[in-house]
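Working notes, beginning with the structure itself.
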Amino acid sequence: MENSNEDYKIQSFDQDTQMLLKTALKDPSSVNLDKVSNIIVDQSLKDQVFSKEAGRICYTIVQAEAKQNNGNVFRRNLLNRLQQEFKDREETRGRSLQEWVCFVTFICNIYDYLKVNNMPMAALVHPVYDCLMRLSQPDALMNEEEVDCLVLQLHRIGEQLEKVNSQRMDELFFLLRDGFLLQEGLSSMARLLLLEILEFRAGGWVLSSTAHKYYYSEIAD
């Protein structure tokens with residue numbers, strides 16, 4: 001744990017906040033966990049690199065708190081805040097595409113890391129699906145940033161999500177297929193990403209080495 005600062009990408013915070021987070025990772029009952037969850041969410045909404053790391057930090061704090069006093073104060077605060085952000089998601093998207101993409105990355109990251117009895121948190125399944133559905137609407141498919149975010153999340157948690165609710169995954173992929181086939185004005189990069197994710201799921205959430213070579217050499221070019 002000595003190099004936790006490095007591991008958890010918290011160098012971007014001021015010294016006091018770094019200290020607070022380091023303490024929360026080791027001794028959660030000694031700090032204000034409401035404040036800690038707000039700091040993590042606030043940073044995740046403005047820093048894309050951090051939004052991908054934040055799940056690991058939250059997981060470590062949740063584990064430490066459970067071990068220390070069987071508590072779940074941090075998890076409760078985190079879920080309350082996520083619920084608030086989820087409710088305001090259209091407003092966020094209208095205000096800042098980057099913040100919206102960061103939010104989706106963050107909630108999917110939390111879904112990936114925070115498990116209860118080794119199962120994904122039921123409370124997050126529909127919100128995560130709702131976010132991915134939003135990214136599959138025609139106006140979002142016109143934004144490469146949103147398509148990229150959608151495809152990354154499906155690579156990461158698509159298979160897990162399908163196991164808990166395959167019907168919604170089918171609905172999501174109907175939207176993506178229609179978008180790919182019928183929507184005019186998509187950029188060639190958006191088309192390529194959509195085709196790749198359609199093939200990825202059709203192949204049982206794996207990409208054949210030939211397909212991998214095809215898509216990733218195209219993307220590199």
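Lettering and numbering for the structure tokens are positional, with chains as A, B, ... in the shown order, residues counted from 1 in each chain, and ligands counted from 1 in the shown order.
Those residues that approach region 119-127 of chain A to within 10 Å, counting only C-alpha atoms, are Leu79, Leu82, Gln83, Phe86, Lys87, Val104, Ile107, Cys108, Ile110, Tyr111, Asp112, Tyr113, Leu114, Lys115, Cys131, Leu132, Met133, Gln160, Leu161, Val164, Asn165 and Arg168 of chain A; same-chain residues fewer than 4 positions away are not listed.
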File dump, residues just selected, N, CA and C atoms, as a CSV table (one decimal), in the first residue's frame:
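Generated output (selection32.csv):
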```csv
chain,number,residue,atom,x,y,z
A,79,LEU,N,-23.9,5.9,-3.6
A,79,LEU,CA,-25.1,5.5,-4.4
A,79,LEU,C,-26.1,6.7,-4.4
A,82,LEU,N,-24.7,9.2,-6.9
A,82,LEU,CA,-24.8,8.7,-8.3
A,82,LEU,C,-26.3,8.8,-8.7
A,83,GLN,N,-27.2,8.6,-7.8
A,83,GLN,CA,-28.6,8.7,-8.1
A,83,GLN,C,-29.0,10.1,-8.5
A,86,PHE,N,-27.5,10.8,-11.9
A,86,PHE,CA,-28.3,10.1,-12.9
A,86,PHE,C,-29.6,10.9,-13.2
A,87,LYS,N,-30.2,11.4,-12.2
A,87,LYS,CA,-31.4,12.1,-12.4
A,87,LYS,C,-31.2,13.4,-13.3
A,104,VAL,N,-20.9,8.6,-17.5
A,104,VAL,CA,-21.2,7.3,-17.9
A,104,VAL,C,-20.0,6.3,-17.6
A,107,ILE,N,-20.0,5.6,-13.8
A,107,ILE,CA,-21.1,4.7,-13.3
A,107,ILE,C,-20.8,3.3,-13.8
A,108,CYS,N,-20.3,3.1,-15.0
A,108,CYS,CA,-20.0,1.8,-15.5
A,108,CYS,C,-18.8,1.2,-14.7
A,110,ILE,N,-18.0,1.9,-11.6
A,110,ILE,CA,-18.5,1.5,-10.3
A,110,ILE,C,-19.3,0.2,-10.4
A,111,TYR,N,-20.1,0.0,-11.4
A,111,TYR,CA,-20.8,-1.2,-11.7
A,111,TYR,C,-19.8,-2.4,-11.8
A,112,ASP,N,-18.7,-2.1,-12.5
A,112,ASP,CA,-17.7,-3.2,-12.7
A,112,ASP,C,-17.0,-3.6,-11.4
A,113,TYR,N,-16.7,-2.6,-10.6
A,113,TYR,CA,-15.9,-2.9,-9.4
A,113,TYR,C,-16.7,-3.3,-8.1
A,114,LEU,N,-17.8,-2.6,-7.9
A,114,LEU,CA,-18.5,-2.8,-6.6
A,114,LEU,C,-19.5,-3.9,-6.7
A,115,LYS,N,-19.2,-5.0,-6.1
A,115,LYS,CA,-20.0,-6.2,-6.1
A,115,LYS,C,-20.6,-6.4,-4.7
A,131,CYS,N,-28.2,4.7,-19.3
A,131,CYS,CA,-27.1,5.6,-19.8
A,131,CYS,C,-26.7,5.0,-21.2
A,132,LEU,N,-26.5,3.7,-21.3
A,132,LEU,CA,-26.0,3.2,-22.6
A,132,LEU,C,-27.1,3.3,-23.7
A,133,MET,N,-28.4,3.2,-23.3
A,133,MET,CA,-29.5,3.4,-24.2
A,133,MET,C,-29.4,4.9,-24.7
A,160,GLN,N,-21.2,-8.9,-18.6
A,160,GLN,CA,-21.8,-8.9,-17.2
A,160,GLN,C,-23.3,-8.4,-17.3
A,161,LEU,N,-23.5,-7.3,-18.0
A,161,LEU,CA,-24.8,-6.7,-18.1
A,161,LEU,C,-25.8,-7.7,-18.8
A,164,VAL,N,-27.3,-10.3,-16.5
A,164,VAL,CA,-28.3,-10.0,-15.5
A,164,VAL,C,-29.6,-9.5,-16.2
A,165,ASN,N,-29.5,-9.0,-17.5
A,165,ASN,CA,-30.7,-8.7,-18.2
A,165,ASN,C,-30.5,-8.7,-19.7
A,168,ARG,N,-32.8,-6.3,-22.1
A,168,ARG,CA,-32.4,-4.9,-22.4
A,168,ARG,C,-31.2,-4.8,-23.3
```
* If you run DSSP over the backbone, which residues in region 16-185 of chain A end up strand (DSSP E or B)? Put them as a ChimeraX atom specification. => /A:115-116,119-120
* **Shell around region 202-214 of chain A at 9 Å using only C-alpha atoms, local window under 6 positions removed, as a ChimeraX atom specification** => /A:155,158-159,196
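We find CA of Lys35 (chain A) and CA of Asp130 (chain A) to be spaced 27.2 Å apart.
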* If we count only C-alpha atoms, what is near Leu176 (chain A) at a cut-off of 8 Å, once residues fewer than 2 positions away on the same chain are taken out, given as a PyMOL selection string? -> chain A and resi 136+172-174+178-180+194+198
Please tabulate, as JSON lines, the residues of region 63-137 of chain A that come within 12 Å of region 141-146 of chain A, each with its closest pair of atoms and the distance in Å to one decimal, counting only C-alpha atoms and ordering rows by chain, then residue number upward.
```
{"residue": "A:Arg93", "atom": "CA", "partner": "A:Glu146", "partner_atom": "CA", "distance": 10.3}
{"residue": "A:Ser96", "atom": "CA", "partner": "A:Glu146", "partner_atom": "CA", "distance": 11.8}
{"residue": "A:Leu97", "atom": "CA", "partner": "A:Glu146", "partner_atom": "CA", "distance": 8.1}
{"residue": "A:Gln98", "atom": "CA", "partner": "A:Glu145", "partner_atom": "CA", "distance": 8.2}
{"residue": "A:Glu99", "atom": "CA", "partner": "A:Glu146", "partner_atom": "CA", "distance": 11.1}
{"residue": "A:Trp100", "atom": "CA", "partner": "A:Glu146", "partner_atom": "CA", "distance": 8.9}
{"residue": "A:Val101", "atom": "CA", "partner": "A:Glu146", "partner_atom": "CA", "distance": 6.6}
{"residue": "A:Cys102", "atom": "CA", "partner": "A:Glu146", "partner_atom": "CA", "distance": 10.2}
{"residue": "A:Phe103", "atom": "CA", "partner": "A:Glu146", "partner_atom": "CA", "distance": 11.5}
{"residue": "A:Val104", "atom": "CA", "partner": "A:Glu146", "partner_atom": "CA", "distance": 9.6}
{"residue": "A:Thr105", "atom": "CA", "partner": "A:Glu146", "partner_atom": "CA", "distance": 10.5}
{"residue": "A:Cys131", "atom": "CA", "partner": "A:Glu146", "partner_atom": "CA", "distance": 10.7}
{"residue": "A:Leu132", "atom": "CA", "partner": "A:Glu146", "partner_atom": "CA", "distance": 9.6}
{"residue": "A:Met133", "atom": "CA", "partner": "A:Leu141", "partner_atom": "CA", "distance": 10.8}
{"residue": "A:Arg134", "atom": "CA", "partner": "A:Glu146", "partner_atom": "CA", "distance": 9.5}
{"residue": "A:Leu135", "atom": "CA", "partner": "A:Glu146", "partner_atom": "CA", "distance": 6.1}
{"residue": "A:Ser136", "atom": "CA", "partner": "A:Leu141", "partner_atom": "CA", "distance": 6.1}
{"residue": "A:Gln137", "atom": "CA", "partner": "A:Leu141", "partner_atom": "CA", "distance": 6.2}
```
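Minimum atom-to-atom distances from A:Gln43, A:Thr17, A:Asn109, A:Asn70 to Cys58 (chain A) were compared using only C-alpha atoms, and the lowest value belongs to A:Asn109.
Minimum distance to Val116 (chain A) across A:Val62, A:Val31, A:Leu182, A:Leu20 (counting only C-alpha atoms) occurs at A:Val62.
Taking CA of Ser51 (chain A) as the reference point, CA of Met19 (chain A) is found at 19.4 Å.
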* To do: Find the residues near Arg81 (chain A): any atom within 10 Å, counting only C-alpha atoms, skip ones fewer than 4 places away on the same chain, and give them as number ranges by chain.
  => A: 34, 37-38, 41-42, 75-77, 85-87
Suppose we keep C-alpha atoms; can you now write the selection as a short mmCIF file (atom, residue, chain, number, x, y, z; two decimals), in the first residue's frame?
```
data_model
loop_
_atom_site.label_atom_id
_atom_site.label_comp_id
_atom_site.auth_asym_id
_atom_site.auth_seq_id
_atom_site.Cartn_x
_atom_site.Cartn_y
_atom_site.Cartn_z
CA ASP A 34 -19.73 11.74 2.69
CA SER A 37 -17.59 10.23 -1.91
CA ASN A 38 -18.36 13.76 -3.14
CA VAL A 41 -17.60 11.89 -7.88
CA ASP A 42 -16.73 15.56 -8.53
CA ARG A 75 -21.32 2.92 -0.39
CA ARG A 76 -24.62 4.48 0.67
CA ASN A 77 -23.28 8.01 0.17
CA GLU A 85 -26.25 12.72 -11.01
CA PHE A 86 -28.27 10.11 -12.88
CA LYS A 87 -31.45 12.15 -12.41
#
```
Do you know which residues are at most 8 Å from Met189 (chain A) counting only C-alpha atoms, after dropping those on the same chain fewer than 2 positions away, and could you put them as a PDB file with N, CA, C and O atoms, in the first residue's frame?
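part.pdb, written as the output of this step:
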```pdb
ATOM      1  N   GLU A 144     -18.846  11.307 -32.137  1.00  0.00           N
ATOM      2  CA  GLU A 144     -17.845  10.238 -31.995  1.00  0.00           C
ATOM      3  C   GLU A 144     -17.479   9.990 -30.537  1.00  0.00           C
ATOM      4  O   GLU A 144     -17.242   8.861 -30.117  1.00  0.00           O
ATOM      5  N   SER A 187     -20.219   9.462 -38.924  1.00  0.00           N
ATOM      6  CA  SER A 187     -18.830   9.547 -39.397  1.00  0.00           C
ATOM      7  C   SER A 187     -18.319   8.130 -39.672  1.00  0.00           C
ATOM      8  O   SER A 187     -18.856   7.153 -39.148  1.00  0.00           O
ATOM      9  N   ARG A 191     -19.145   4.608 -37.628  1.00  0.00           N
ATOM     10  CA  ARG A 191     -19.601   3.374 -38.294  1.00  0.00           C
ATOM     11  C   ARG A 191     -18.699   2.188 -37.959  1.00  0.00           C
ATOM     12  O   ARG A 191     -19.153   1.084 -37.680  1.00  0.00           O
ATOM     13  N   LEU A 192     -17.407   2.450 -38.009  1.00  0.00           N
ATOM     14  CA  LEU A 192     -16.433   1.390 -37.738  1.00  0.00           C
ATOM     15  C   LEU A 192     -16.593   0.878 -36.296  1.00  0.00           C
ATOM     16  O   LEU A 192     -16.610  -0.334 -36.049  1.00  0.00           O
ATOM     17  N   LEU A 193     -16.746   1.815 -35.351  1.00  0.00           N
ATOM     18  CA  LEU A 193     -16.900   1.424 -33.937  1.00  0.00           C
ATOM     19  C   LEU A 193     -18.183   0.618 -33.729  1.00  0.00           C
ATOM     20  O   LEU A 193     -18.196  -0.373 -32.999  1.00  0.00           O
ATOM     21  N   ILE A 219      -8.310   1.711 -37.070  1.00  0.00           N
ATOM     22  CA  ILE A 219      -8.358   2.788 -36.073  1.00  0.00           C
ATOM     23  C   ILE A 219      -6.994   3.461 -35.957  1.00  0.00           C
ATOM     24  O   ILE A 219      -6.882   4.678 -35.878  1.00  0.00           O
TER      25      ILE A 219
END
```
* Determine which residues of region 1-220 of chain A receive a DSSP assignment of alpha helix (DSSP H), computed from the backbone, and state them as a count of residues only. => 174
